[in-house]
$ cat target31.cif   # mmCIF, C-alpha atoms
data_final
loop_
_atom_site.label_atom_id
_atom_site.label_comp_id
_atom_site.auth_asym_id
_atom_site.auth_seq_id
_atom_site.Cartn_x
_atom_site.Cartn_y
_atom_site.Cartn_z
CA MET A 1 73.81 113.49 154.32
CA LYS A 2 72.04 112.48 151.19
CA ASN A 3 72.76 109.31 149.30
CA SER A 4 73.82 110.59 145.84
CA LYS A 5 74.95 107.26 144.35
CA GLY A 6 71.63 106.76 142.62
CA MET A 7 71.81 110.12 140.89
CA GLU A 8 75.37 109.56 139.67
CA MET A 9 74.40 106.21 138.22
CA ALA A 10 71.48 107.75 136.33
CA ILE A 11 73.62 110.52 134.77
CA SER A 12 76.39 108.17 133.67
CA THR A 13 73.85 105.74 132.23
CA LEU A 14 72.16 108.58 130.35
CA ILE A 15 75.51 109.71 128.89
CA LEU A 16 76.31 106.15 127.74
CA ILE A 17 72.87 105.83 126.11
CA VAL A 18 73.35 109.11 124.20
CA ILE A 19 76.82 108.05 123.01
CA GLY A 20 75.44 104.66 121.93
CA ILE A 21 72.66 106.29 119.92
CA LEU A 22 75.16 108.62 118.19
CA VAL A 23 77.35 105.64 117.25
CA LEU A 24 74.36 103.75 115.84
CA VAL A 25 73.29 106.76 113.79
CA GLY A 26 76.84 107.09 112.41
CA ILE A 27 76.97 103.42 111.45
CA ALA A 28 73.57 103.61 109.75
CA TYR A 29 74.69 106.72 107.82
CA ALA A 30 77.86 104.97 106.64
CA LEU A 31 76.00 101.79 105.63
CA LEU A 32 73.45 103.72 103.62
CA GLY A 33 76.19 105.35 101.52
CA GLY A 34 76.32 108.70 103.25
CA PHE A 35 80.07 109.06 102.79
CA LYS A 36 80.08 108.51 99.00
CA SER A 37 79.60 112.16 98.17
CA PHE A 38 82.28 113.14 100.69
CA LYS A 39 84.77 110.71 99.15
CA GLU A 40 84.04 111.86 95.58
CA GLY A 41 84.37 115.51 96.49
CA THR A 42 87.73 115.14 98.20
CA LYS A 43 89.62 113.30 95.47
CA PRO A 44 90.37 115.57 92.53
CA PHE A 45 91.93 113.85 89.54
CA VAL A 46 95.48 115.18 89.81
CA ASP A 47 95.70 114.92 93.60
CA THR A 48 95.38 111.16 93.85
CA SER A 49 98.52 109.27 94.75
CA THR A 50 98.24 107.10 91.64
CA SER A 51 98.04 110.05 89.30
CA SER A 52 100.96 111.73 91.09
CA ALA A 53 103.12 108.66 90.53
CA ILE A 54 102.07 108.49 86.88
CA LYS A 55 102.77 112.21 86.46
CA ASN A 56 106.28 111.72 87.86
CA ALA A 57 106.91 108.72 85.58
CA CYS A 58 105.71 110.66 82.55
CA GLY A 59 107.92 113.61 83.48
CA ILE A 60 110.93 111.29 83.64
CA ALA A 61 110.00 109.79 80.27
CA CYS A 62 109.79 113.29 78.81
CA ASP A 63 113.14 114.33 80.28
CA ASN A 64 114.76 111.23 78.76
CA ASN A 65 113.05 111.68 75.34
CA ASP A 66 111.42 108.26 75.78
CA LYS A 67 108.64 108.45 73.18
CA LEU A 68 107.68 104.79 73.63
CA THR A 69 106.72 105.35 77.27
CA PHE A 70 105.43 108.91 76.83
CA CYS A 71 103.28 108.28 73.75
CA CYS A 72 102.27 104.61 73.96
CA LYS A 73 102.18 103.40 77.57
CA GLU A 74 98.66 103.40 79.04
CA TYR A 75 98.03 103.76 82.76
CA ASP A 76 94.90 102.92 84.75
CA ILE A 77 93.37 105.79 86.72
CA ASP A 78 89.86 105.68 88.17
CA ASN A 79 88.78 102.74 85.97
CA GLY A 80 90.01 104.45 82.80
CA LYS A 81 93.09 104.42 80.59
CA ILE A 82 95.33 107.46 80.28
CA LYS A 83 98.56 108.23 78.42
CA CYS A 84 101.28 110.67 79.40
CA ASN A 85 100.26 113.20 76.75
CA ASP A 86 96.82 113.64 78.38
CA SER A 87 96.28 117.29 79.28
CA ARG A 88 94.75 116.39 82.70
CA LEU A 89 98.21 115.37 83.94
CA GLU A 90 99.46 118.91 83.23
CA ILE A 91 102.89 117.84 81.98
CA ASN A 92 104.81 120.48 80.08
CA CYS A 93 106.69 118.41 77.51
CA GLN A 94 107.97 119.21 74.03
CA LEU A 95 107.80 115.58 72.78
CA SER A 96 105.42 115.18 69.85
CA CYS A 97 103.44 111.96 69.58
CA GLU A 98 101.81 112.83 66.27
CA ASP A 99 104.32 111.05 64.00
CA TYR A 100 105.29 108.28 66.40
CA ASN A 101 104.11 104.72 65.63
CA CYS A 102 103.44 102.77 68.83
CA ASN A 103 103.11 99.41 67.04
CA GLY A 104 106.67 99.08 65.93
#

$ encode --input "target31.cif" --output "structure tokens"
Amino acid sequence: MKNSKGMEMAISTLILIVIGILVLVGIAYALLGGFKSFKEGTKPFVDTSTSSAIKNACGIACDNNDKLTFCCKEYDIDNGKIKCNDSRLEINCQLSCEDYNCNG
């Protein structure tokens, strides 16, 4: 009979070393900003949860003919301001904001 304990220890140690190196490479990639392009590419404007909630609120304002909310209320999306009548929200509404005065 051969003593195979030494060989088993070497293989398991080698597997743990390889896994450790892979984890370190992944951490270095994340710290150096490797996931920024992935994050930017997977978040289209209309698919964010914030924009979905704003789209729903604007749809309700349109259904209720609430020009104050639809034409004047500004929402923050991706460090910018947007109103309900913005075409990027893709809301089909017949309310016209052209003659509506938001100041009073």

$ atom_distance --input "target31.cif" --atom1 "atom CA of Ile91 of chain A" --atom2 "atom CA of Cys58 of chain A"
7.7 Å

$ closest_residue --input "target31.cif" --among "A:Ile82, A:Cys97, A:Leu24, A:Ala10" --to "Asp66 of chain A" --atoms "all atoms listed in the file"
A:Cys97

$ residues_around --input "target31.cif" --residues "segment 60-62 of chain A" --least-positions-apart "6" --cutoff "10 Å" --atoms "all atoms listed in the file" --output "ChimeraX atom specification"
/A:54,68-71,84-85,91-95

$ atom_distance --input "target31.cif" --atom1 "atom CA of Gly20 of chain A" --atom2 "atom CA of Gly33 of chain A"
20.4 Å

$ closest_residue --input "target31.cif" --among "A:Ser52, A:Ala57, A:Ser12, A:Asp63" --to "Ile77 of chain A" --atoms "all atoms listed in the file"
A:Ser52

$ residues_around --input "target31.cif" --residues "Leu89 of chain A" --least-positions-apart "2" --cutoff "7 Å" --atoms "only C-alpha atoms" --output "list in words"
Val46, Lys55, Asp86, Ser87 and Ile91 of chain A

$ write_last_selection --input "target31.cif" --atoms "C-alpha atoms" --output "PDB file, in the coordinates of the input"
ATOM      1  CA  VAL A  46      95.480 115.180  89.810  1.00  0.00           C
ATOM      2  CA  LYS A  55     102.770 112.210  86.460  1.00  0.00           C
ATOM      3  CA  ASP A  86      96.820 113.640  78.380  1.00  0.00           C
ATOM      4  CA  SER A  87      96.280 117.290  79.280  1.00  0.00           C
ATOM      5  CA  ILE A  91     102.890 117.840  81.980  1.00  0.00           C
TER       6      ILE A  91
END

$ closest_residue --input "target31.cif" --among "A:Gly34, A:Asn103, A:Ile11, A:Ser51" --to "Lys81 of chain A" --atoms "only C-alpha atoms"
A:Ser51

$ atom_distance --input "target31.cif" --atom1 "atom CA of Asn101 of chain A" --atom2 "atom CA of Lys67 of chain A"
9.6 Å

$ closest_residue --input "target31.cif" --among "A:Val18, A:Leu32, A:Ala53, A:Ile27" --to "Tyr75 of chain A" --atoms "all atoms listed in the file"
A:Ala53

$ build_atoms --input "target31.cif" --residues "segment 48-78 of chain A" --atoms "N, CA and C atoms" --output "PDB file, keeping the file's coordinate frame"
ATOM      1  N   THR A  48      95.307 112.524  93.366  1.00  0.00           N
ATOM      2  CA  THR A  48      95.380 111.160  93.850  1.00  0.00           C
ATOM      3  C   THR A  48      96.822 110.681  93.820  1.00  0.00           C
ATOM      4  N   SER A  49      97.143 109.761  94.679  1.00  0.00           N
ATOM      5  CA  SER A  49      98.520 109.270  94.750  1.00  0.00           C
ATOM      6  C   SER A  49      98.901 108.523  93.480  1.00  0.00           C
ATOM      7  N   THR A  50      97.952 107.826  92.874  1.00  0.00           N
ATOM      8  CA  THR A  50      98.240 107.100  91.640  1.00  0.00           C
ATOM      9  C   THR A  50      98.574 108.061  90.519  1.00  0.00           C
ATOM     10  N   SER A  51      97.784 109.101  90.375  1.00  0.00           N
ATOM     11  CA  SER A  51      98.040 110.050  89.300  1.00  0.00           C
ATOM     12  C   SER A  51      99.334 110.826  89.536  1.00  0.00           C
ATOM     13  N   SER A  52      99.690 111.057  90.793  1.00  0.00           N
ATOM     14  CA  SER A  52     100.960 111.730  91.090  1.00  0.00           C
ATOM     15  C   SER A  52     102.139 110.863  90.676  1.00  0.00           C
ATOM     16  N   ALA A  53     102.042 109.567  90.934  1.00  0.00           N
ATOM     17  CA  ALA A  53     103.120 108.660  90.530  1.00  0.00           C
ATOM     18  C   ALA A  53     103.211 108.573  89.014  1.00  0.00           C
ATOM     19  N   ILE A  54     102.076 108.538  88.338  1.00  0.00           N
ATOM     20  CA  ILE A  54     102.070 108.490  86.880  1.00  0.00           C
ATOM     21  C   ILE A  54     102.622 109.792  86.312  1.00  0.00           C
ATOM     22  N   LYS A  55     102.262 110.909  86.908  1.00  0.00           N
ATOM     23  CA  LYS A  55     102.770 112.210  86.460  1.00  0.00           C
ATOM     24  C   LYS A  55     104.291 112.267  86.589  1.00  0.00           C
ATOM     25  N   ASN A  56     104.819 111.746  87.681  1.00  0.00           N
ATOM     26  CA  ASN A  56     106.280 111.720  87.860  1.00  0.00           C
ATOM     27  C   ASN A  56     106.939 110.816  86.824  1.00  0.00           C
ATOM     28  N   ALA A  57     106.347 109.644  86.570  1.00  0.00           N
ATOM     29  CA  ALA A  57     106.910 108.720  85.580  1.00  0.00           C
ATOM     30  C   ALA A  57     106.887 109.336  84.189  1.00  0.00           C
ATOM     31  N   CYS A  58     105.811 110.020  83.863  1.00  0.00           N
ATOM     32  CA  CYS A  58     105.710 110.660  82.550  1.00  0.00           C
ATOM     33  C   CYS A  58     106.704 111.812  82.421  1.00  0.00           C
ATOM     34  N   GLY A  59     106.916 112.532  83.501  1.00  0.00           N
ATOM     35  CA  GLY A  59     107.920 113.610  83.480  1.00  0.00           C
ATOM     36  C   GLY A  59     109.312 113.062  83.250  1.00  0.00           C
ATOM     37  N   ILE A  60     109.626 111.935  83.853  1.00  0.00           N
ATOM     38  CA  ILE A  60     110.930 111.290  83.640  1.00  0.00           C
ATOM     39  C   ILE A  60     111.058 110.815  82.202  1.00  0.00           C
ATOM     40  N   ALA A  61     109.979 110.230  81.657  1.00  0.00           N
ATOM     41  CA  ALA A  61     110.000 109.790  80.270  1.00  0.00           C
ATOM     42  C   ALA A  61     110.215 110.969  79.329  1.00  0.00           C
ATOM     43  N   CYS A  62     109.610 112.087  79.622  1.00  0.00           N
ATOM     44  CA  CYS A  62     109.790 113.290  78.810  1.00  0.00           C
ATOM     45  C   CYS A  62     111.219 113.796  78.891  1.00  0.00           C
ATOM     46  N   ASP A  63     111.761 113.851  80.098  1.00  0.00           N
ATOM     47  CA  ASP A  63     113.140 114.330  80.280  1.00  0.00           C
ATOM     48  C   ASP A  63     114.147 113.462  79.543  1.00  0.00           C
ATOM     49  N   ASN A  64     113.853 112.165  79.430  1.00  0.00           N
ATOM     50  CA  ASN A  64     114.760 111.230  78.760  1.00  0.00           C
ATOM     51  C   ASN A  64     114.416 111.023  77.284  1.00  0.00           C
ATOM     52  N   ASN A  65     113.484 111.805  76.742  1.00  0.00           N
ATOM     53  CA  ASN A  65     113.050 111.680  75.340  1.00  0.00           C
ATOM     54  C   ASN A  65     112.594 110.262  75.011  1.00  0.00           C
ATOM     55  N   ASP A  66     111.907 109.626  75.946  1.00  0.00           N
ATOM     56  CA  ASP A  66     111.420 108.260  75.780  1.00  0.00           C
ATOM     57  C   ASP A  66     110.008 108.302  75.189  1.00  0.00           C
ATOM     58  N   LYS A  67     109.936 108.346  73.853  1.00  0.00           N
ATOM     59  CA  LYS A  67     108.640 108.450  73.180  1.00  0.00           C
ATOM     60  C   LYS A  67     107.795 107.191  73.356  1.00  0.00           C
ATOM     61  N   LEU A  68     108.433 106.030  73.457  1.00  0.00           N
ATOM     62  CA  LEU A  68     107.680 104.790  73.630  1.00  0.00           C
ATOM     63  C   LEU A  68     106.841 104.848  74.913  1.00  0.00           C
ATOM     64  N   THR A  69     107.439 105.253  76.004  1.00  0.00           N
ATOM     65  CA  THR A  69     106.720 105.350  77.270  1.00  0.00           C
ATOM     66  C   THR A  69     105.770 106.538  77.252  1.00  0.00           C
ATOM     67  N   PHE A  70     106.237 107.688  76.777  1.00  0.00           N
ATOM     68  CA  PHE A  70     105.430 108.910  76.830  1.00  0.00           C
ATOM     69  C   PHE A  70     104.215 108.835  75.915  1.00  0.00           C
ATOM     70  N   CYS A  71     104.370 108.266  74.734  1.00  0.00           N
ATOM     71  CA  CYS A  71     103.280 108.280  73.750  1.00  0.00           C
ATOM     72  C   CYS A  71     102.421 107.015  73.755  1.00  0.00           C
ATOM     73  N   CYS A  72     102.979 105.888  74.151  1.00  0.00           N
ATOM     74  CA  CYS A  72     102.270 104.610  73.960  1.00  0.00           C
ATOM     75  C   CYS A  72     101.791 103.949  75.239  1.00  0.00           C
ATOM     76  N   LYS A  73     102.508 104.089  76.322  1.00  0.00           N
ATOM     77  CA  LYS A  73     102.180 103.400  77.570  1.00  0.00           C
ATOM     78  C   LYS A  73     100.869 103.936  78.138  1.00  0.00           C
ATOM     79  N   GLU A  74      99.938 103.024  78.441  1.00  0.00           N
ATOM     80  CA  GLU A  74      98.660 103.400  79.040  1.00  0.00           C
ATOM     81  C   GLU A  74      98.643 103.052  80.522  1.00  0.00           C
ATOM     82  N   TYR A  75      98.126 103.952  81.314  1.00  0.00           N
ATOM     83  CA  TYR A  75      98.030 103.760  82.760  1.00  0.00           C
ATOM     84  C   TYR A  75      96.566 103.746  83.175  1.00  0.00           C
ATOM     85  N   ASP A  76      96.261 102.999  84.222  1.00  0.00           N
ATOM     86  CA  ASP A  76      94.900 102.920  84.750  1.00  0.00           C
ATOM     87  C   ASP A  76      94.711 103.931  85.864  1.00  0.00           C
ATOM     88  N   ILE A  77      93.747 104.835  85.683  1.00  0.00           N
ATOM     89  CA  ILE A  77      93.370 105.790  86.720  1.00  0.00           C
ATOM     90  C   ILE A  77      91.856 105.829  86.789  1.00  0.00           C
ATOM     91  N   ASP A  78      91.303 105.598  87.954  1.00  0.00           N
ATOM     92  CA  ASP A  78      89.860 105.680  88.170  1.00  0.00           C
ATOM     93  C   ASP A  78      89.077 104.895  87.121  1.00  0.00           C
TER      94      ASP A  78
END
